[in-house]
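Below you'll find the structure, written out as structure tokens, and then a few comments.
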Amino acid sequence: MVSSGLAPSAVAADVQSKQWYLDMMDAKGMWKVSTGKGVKVAVLDTGVYPDTPSLKGQVLVDGVHKAVSYNATNDYLGHGTTMAEMIAGTGAGGGLQGLAPGAKVVPYRVLTKDVKNKTDVEKTPSIADAIKAAADSDAQIISMSFSGDIIDPDEAKAVKYAESKGKLMFAGTGNDAETKNFIGYPAADPYVVGVAAADKDGKVADFSEHGNYVDLAAPGRNVPVWCDATFKSYCVSGGTSAATALASASAALIWSAHPNWTANQVLATLIDTAGRDWPKNKPSNYLGYGLIRPRKVLENSSINPGAAGTDPLSFENGTGVTGASPSASASNSSKGPNPTSGGQTSAAGSSSDSSGNTTLWVALGAAAAVVVLGGGAFAVARSRRGA
């Protein structure tokens, strides 16, 4: 990561001017309709430090069940705090401006490969336990900015349980496309929306994992994030982690404006309005159904969200996931957007903004996606969405 040299007390414009996606997504325009008020987002990550200027009053520490609350507010990397700020930060004190500043965050620290201390390993909740706890809470959205190449049967069961409780789940597809490009879990689990990362031109980031488990894309390249757990400065980075946070925040904006909708309906409108220049029935292995554009949902008061019980990812969720293609350039994609001259796929130009901006991109990046520990887990490849 490249340091920006910005302290937490820096003038807001210093950091927020680097949040290019706020203008491109017309955040100020969306906030006239919805800020995410009334929506709670469970952030499963490295913990969330609630006392950064941007997060004061935004983190519901008491919303975490005691059984899974170990060190929920002790962020050992700064990663979870970044995700929380991207979702619900107020921007106060020069911090990151969240896309859904009216929403609230419920913090969970989960077990990842970065947990080294023996006591922490023993006491930190497993991802499965955290998902189950979030499913039993009143949080509507579960945001998981991490990825790994194994699947834990307990984790898969927890995801299915959360879906049965009406939760909308997002996870990053992973950041290793330039090397091994593995199938990323929990993004590849049924009922989890796999989020890829894109840049301001609507091109998929070269590091963003691709495969037929990618469902949507969000801004995820060259964005400010906390450098580390000292919370002294921001850095410029990128990853599907941030894209996941922005997708979660986008869902919060929509759900707040339509509180009677189900998770299926919120997701269906995100898919229907996503920016793409390929057929909806042939999702891209790189950008899925396209670049998130929550503004398109919020500006249409008569939008049809579909039936409350209809799963917009029914095909994928019913058939599973096929193996990710070997580490190949986006130009080798057999479906979805056409490759650009730079070898990346792009959704730019699929439809223009009324404000003059091109289509809304895809994934927003943050510190590198966290790879999960898989105690008792095993590698598995399943089929989903046809080759």
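Convention: chains lettered A, B, ... in structure tokens order; per-chain residue numbering from 1; ligands numbered from 1 as shown.
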Q. Neighbours of Val297 of chain A within 10 Å (only C-alpha atoms; same-chain residues fewer than 6 positions away dropped), as a ChimeraX atom specification?
A. /A:30,250,253-254,257,266,269-270,272-274,303-305
Kindly assemble as a tab-separated table a list of the segment 222-279 of chain A residues that lie within 10 Å of segment 180-194 of chain A, each paired with its nearest atom pair and their distance in Å to one decimal, using only C-alpha atoms, sorted first by chain and then by ascending residue number.
residue	atom	partner	partner_atom	distance
A:Thr240	CA	A:Gly194	CA	9.4
A:Ala243	CA	A:Gly194	CA	9.9
A:Thr244	CA	A:Gly194	CA	8.1
A:Ala247	CA	A:Val193	CA	9.2
A:Ser248	CA	A:Val193	CA	9.8
A:Asn264	CA	A:Tyr191	CA	9.9
A:Leu267	CA	A:Val193	CA	8.8
**Q.** Selection: 10 Å around Asp62 of chain A, only C-alpha atoms, excl. self and same-chain fewer than 3 positions, as a PyMOL selection string
**A.** chain A and resi 59+65-66+69+106-107
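Taking only C-alpha atoms, the non-local environment of segment 38-48 of chain A within 7 Å (same-chain residues fewer than 3 positions away omitted) comprises Asn71, Ala72, Thr73, Asn74, Asp75, Tyr76, Leu77, His79, Gly80, Thr81, Ala84, Ala103, Lys104, Val105, Val106, Pro107, Tyr108, Arg109, Val110, Ala134, Ala139, Gln140, Ile141, Ile142, Ser143, Met144, Ser145, Ala252 and Ser256 of chain A.
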Q.
Could you check the closest approach to Ile271 of chain A for each of A:Met86, A:Val204, A:Leu287, A:Ala308 and tell me which residue wins, using only C-alpha atoms?
A. A:Leu287
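Here atom CA of Val121 of chain A is placed at a distance of 17.5 Å from atom CA of Asp154 of chain A.
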What parts of segment 157-205 of chain A does DSSP call alpha helix (DSSP H)? I'd like the answer as an mmCIF file with N, CA and C atoms, in the first residue's frame.
data_model
loop_
_atom_site.group_PDB
_atom_site.id
_atom_site.type_symbol
_atom_site.label_atom_id
_atom_site.label_comp_id
_atom_site.auth_asym_id
_atom_site.auth_seq_id
_atom_site.Cartn_x
_atom_site.Cartn_y
_atom_site.Cartn_z
ATOM 1 N N LYS A 157 -23.761 -24.237 6.248
ATOM 2 C CA LYS A 157 -25.028 -24.398 6.974
ATOM 3 C C LYS A 157 -25.462 -23.076 7.602
ATOM 4 N N ALA A 158 -24.501 -22.336 8.127
ATOM 5 C CA ALA A 158 -24.818 -21.050 8.746
ATOM 6 C C ALA A 158 -25.355 -20.075 7.709
ATOM 7 N N VAL A 159 -24.760 -20.094 6.512
ATOM 8 C CA VAL A 159 -25.230 -19.228 5.429
ATOM 9 C C VAL A 159 -26.667 -19.576 5.059
ATOM 10 N N LYS A 160 -26.945 -20.863 4.941
ATOM 11 C CA LYS A 160 -28.303 -21.290 4.601
ATOM 12 C C LYS A 160 -29.284 -20.873 5.688
ATOM 13 N N TYR A 161 -28.850 -20.971 6.936
ATOM 14 C CA TYR A 161 -29.706 -20.556 8.051
ATOM 15 C C TYR A 161 -29.988 -19.059 7.983
ATOM 16 N N ALA A 162 -28.951 -18.281 7.697
ATOM 17 C CA ALA A 162 -29.124 -16.830 7.597
ATOM 18 C C ALA A 162 -30.084 -16.471 6.474
ATOM 19 N N GLU A 163 -30.012 -17.193 5.362
ATOM 20 C CA GLU A 163 -30.942 -16.948 4.260
ATOM 21 C C GLU A 163 -32.370 -17.238 4.696
ATOM 22 N N SER A 164 -32.545 -18.286 5.481
ATOM 23 C CA SER A 164 -33.891 -18.634 5.946
ATOM 24 C C SER A 164 -34.455 -17.578 6.892
#
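For Ala177 of chain A, the non-local neighbours within 7 Å, defined as residues at least 5 positions apart in the same chain or in other chains and counting only C-alpha atoms, are Asp206, Phe207, Ser208, Glu209, His210 and Ser327 of chain A.
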Saved selection, atoms kept: N, CA, C and O atoms, as a compact mmCIF listing (two decimals), in the first residue's frame:
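File produced: again.txt:
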# COMPACT_ATOMS: atom_id res chain seq x y z
N ASP A 206 -7.52 -5.90 -12.08
CA ASP A 206 -6.74 -7.06 -12.49
C ASP A 206 -6.59 -8.08 -11.37
O ASP A 206 -6.40 -9.26 -11.61
N PHE A 207 -6.71 -7.64 -10.11
CA PHE A 207 -6.55 -8.56 -8.98
C PHE A 207 -7.86 -9.26 -8.62
O PHE A 207 -7.87 -10.21 -7.85
N SER A 208 -8.98 -8.80 -9.15
CA SER A 208 -10.30 -9.28 -8.74
C SER A 208 -10.55 -10.69 -9.25
O SER A 208 -10.51 -10.96 -10.45
N GLU A 209 -10.83 -11.61 -8.33
CA GLU A 209 -11.09 -13.00 -8.70
C GLU A 209 -12.26 -13.09 -9.68
O GLU A 209 -13.24 -12.35 -9.56
N HIS A 210 -12.15 -13.98 -10.64
CA HIS A 210 -13.23 -14.15 -11.59
C HIS A 210 -13.64 -15.62 -11.67
O HIS A 210 -12.88 -16.53 -11.37
N SER A 327 -5.92 -18.95 -13.92
CA SER A 327 -5.56 -17.53 -13.92
C SER A 327 -5.38 -17.05 -15.35
O SER A 327 -4.38 -17.30 -15.99
**Q.** Those in segment 101-136 of chain A with strand (DSSP E) from DSSP, as a list of chain:residue names
**A.** A:Lys104, A:Val105, A:Val106, A:Pro107, A:Tyr108, A:Arg109
All heavy atoms of the current selection, written as an mmCIF file, in the first residue's frame:
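Dumped everything to out02.cif:
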data_model
loop_
_atom_site.group_PDB
_atom_site.id
_atom_site.type_symbol
_atom_site.label_atom_id
_atom_site.label_comp_id
_atom_site.auth_asym_id
_atom_site.auth_seq_id
_atom_site.Cartn_x
_atom_site.Cartn_y
_atom_site.Cartn_z
ATOM 1 N N LYS A 104 -26.470 1.733 10.613
ATOM 2 C CA LYS A 104 -25.662 1.413 11.786
ATOM 3 C C LYS A 104 -24.929 0.098 11.540
ATOM 4 O O LYS A 104 -25.405 -0.774 10.806
ATOM 5 C CB LYS A 104 -26.524 1.297 13.038
ATOM 6 C CG LYS A 104 -27.308 2.554 13.397
ATOM 7 C CD LYS A 104 -26.409 3.717 13.769
ATOM 8 C CE LYS A 104 -27.238 4.923 14.194
ATOM 9 N NZ LYS A 104 -26.396 6.118 14.488
ATOM 10 N N VAL A 105 -23.785 -0.034 12.188
ATOM 11 C CA VAL A 105 -22.942 -1.222 12.042
ATOM 12 C C VAL A 105 -22.964 -2.052 13.322
ATOM 13 O O VAL A 105 -22.857 -1.505 14.420
ATOM 14 C CB VAL A 105 -21.487 -0.815 11.707
ATOM 15 C CG1 VAL A 105 -20.534 -1.987 11.906
ATOM 16 C CG2 VAL A 105 -21.403 -0.283 10.292
ATOM 17 N N VAL A 106 -23.105 -3.354 13.162
ATOM 18 C CA VAL A 106 -22.977 -4.288 14.287
ATOM 19 C C VAL A 106 -21.665 -5.037 14.074
ATOM 20 O O VAL A 106 -21.498 -5.722 13.060
ATOM 21 C CB VAL A 106 -24.153 -5.269 14.346
ATOM 22 C CG1 VAL A 106 -24.013 -6.181 15.568
ATOM 23 C CG2 VAL A 106 -25.483 -4.527 14.392
ATOM 24 N N PRO A 107 -20.686 -4.907 14.993
ATOM 25 C CA PRO A 107 -19.341 -5.445 14.756
ATOM 26 C C PRO A 107 -19.153 -6.900 15.218
ATOM 27 O O PRO A 107 -19.623 -7.298 16.279
ATOM 28 C CB PRO A 107 -18.469 -4.524 15.603
ATOM 29 C CG PRO A 107 -19.339 -4.198 16.788
ATOM 30 C CD PRO A 107 -20.750 -4.122 16.248
ATOM 31 N N TYR A 108 -18.478 -7.673 14.386
ATOM 32 C CA TYR A 108 -18.109 -9.043 14.745
ATOM 33 C C TYR A 108 -16.648 -9.260 14.358
ATOM 34 O O TYR A 108 -16.246 -8.940 13.239
ATOM 35 C CB TYR A 108 -18.955 -10.071 13.988
ATOM 36 C CG TYR A 108 -20.407 -10.101 14.365
ATOM 37 C CD1 TYR A 108 -21.308 -9.191 13.805
ATOM 38 C CD2 TYR A 108 -20.900 -11.036 15.280
ATOM 39 C CE1 TYR A 108 -22.658 -9.220 14.139
ATOM 40 C CE2 TYR A 108 -22.243 -11.065 15.619
ATOM 41 C CZ TYR A 108 -23.114 -10.153 15.041
ATOM 42 O OH TYR A 108 -24.451 -10.179 15.383
ATOM 43 N N ARG A 109 -15.882 -9.796 15.285
ATOM 44 C CA ARG A 109 -14.521 -10.218 14.935
ATOM 45 C C ARG A 109 -14.588 -11.709 14.659
ATOM 46 O O ARG A 109 -15.119 -12.475 15.459
ATOM 47 C CB ARG A 109 -13.553 -9.955 16.072
ATOM 48 C CG ARG A 109 -12.133 -10.438 15.746
ATOM 49 C CD ARG A 109 -11.273 -10.561 16.978
ATOM 50 N NE ARG A 109 -10.338 -9.457 17.107
ATOM 51 C CZ ARG A 109 -9.206 -9.544 17.818
ATOM 52 N NH1 ARG A 109 -8.913 -10.641 18.468
ATOM 53 N NH2 ARG A 109 -8.402 -8.506 17.898
#
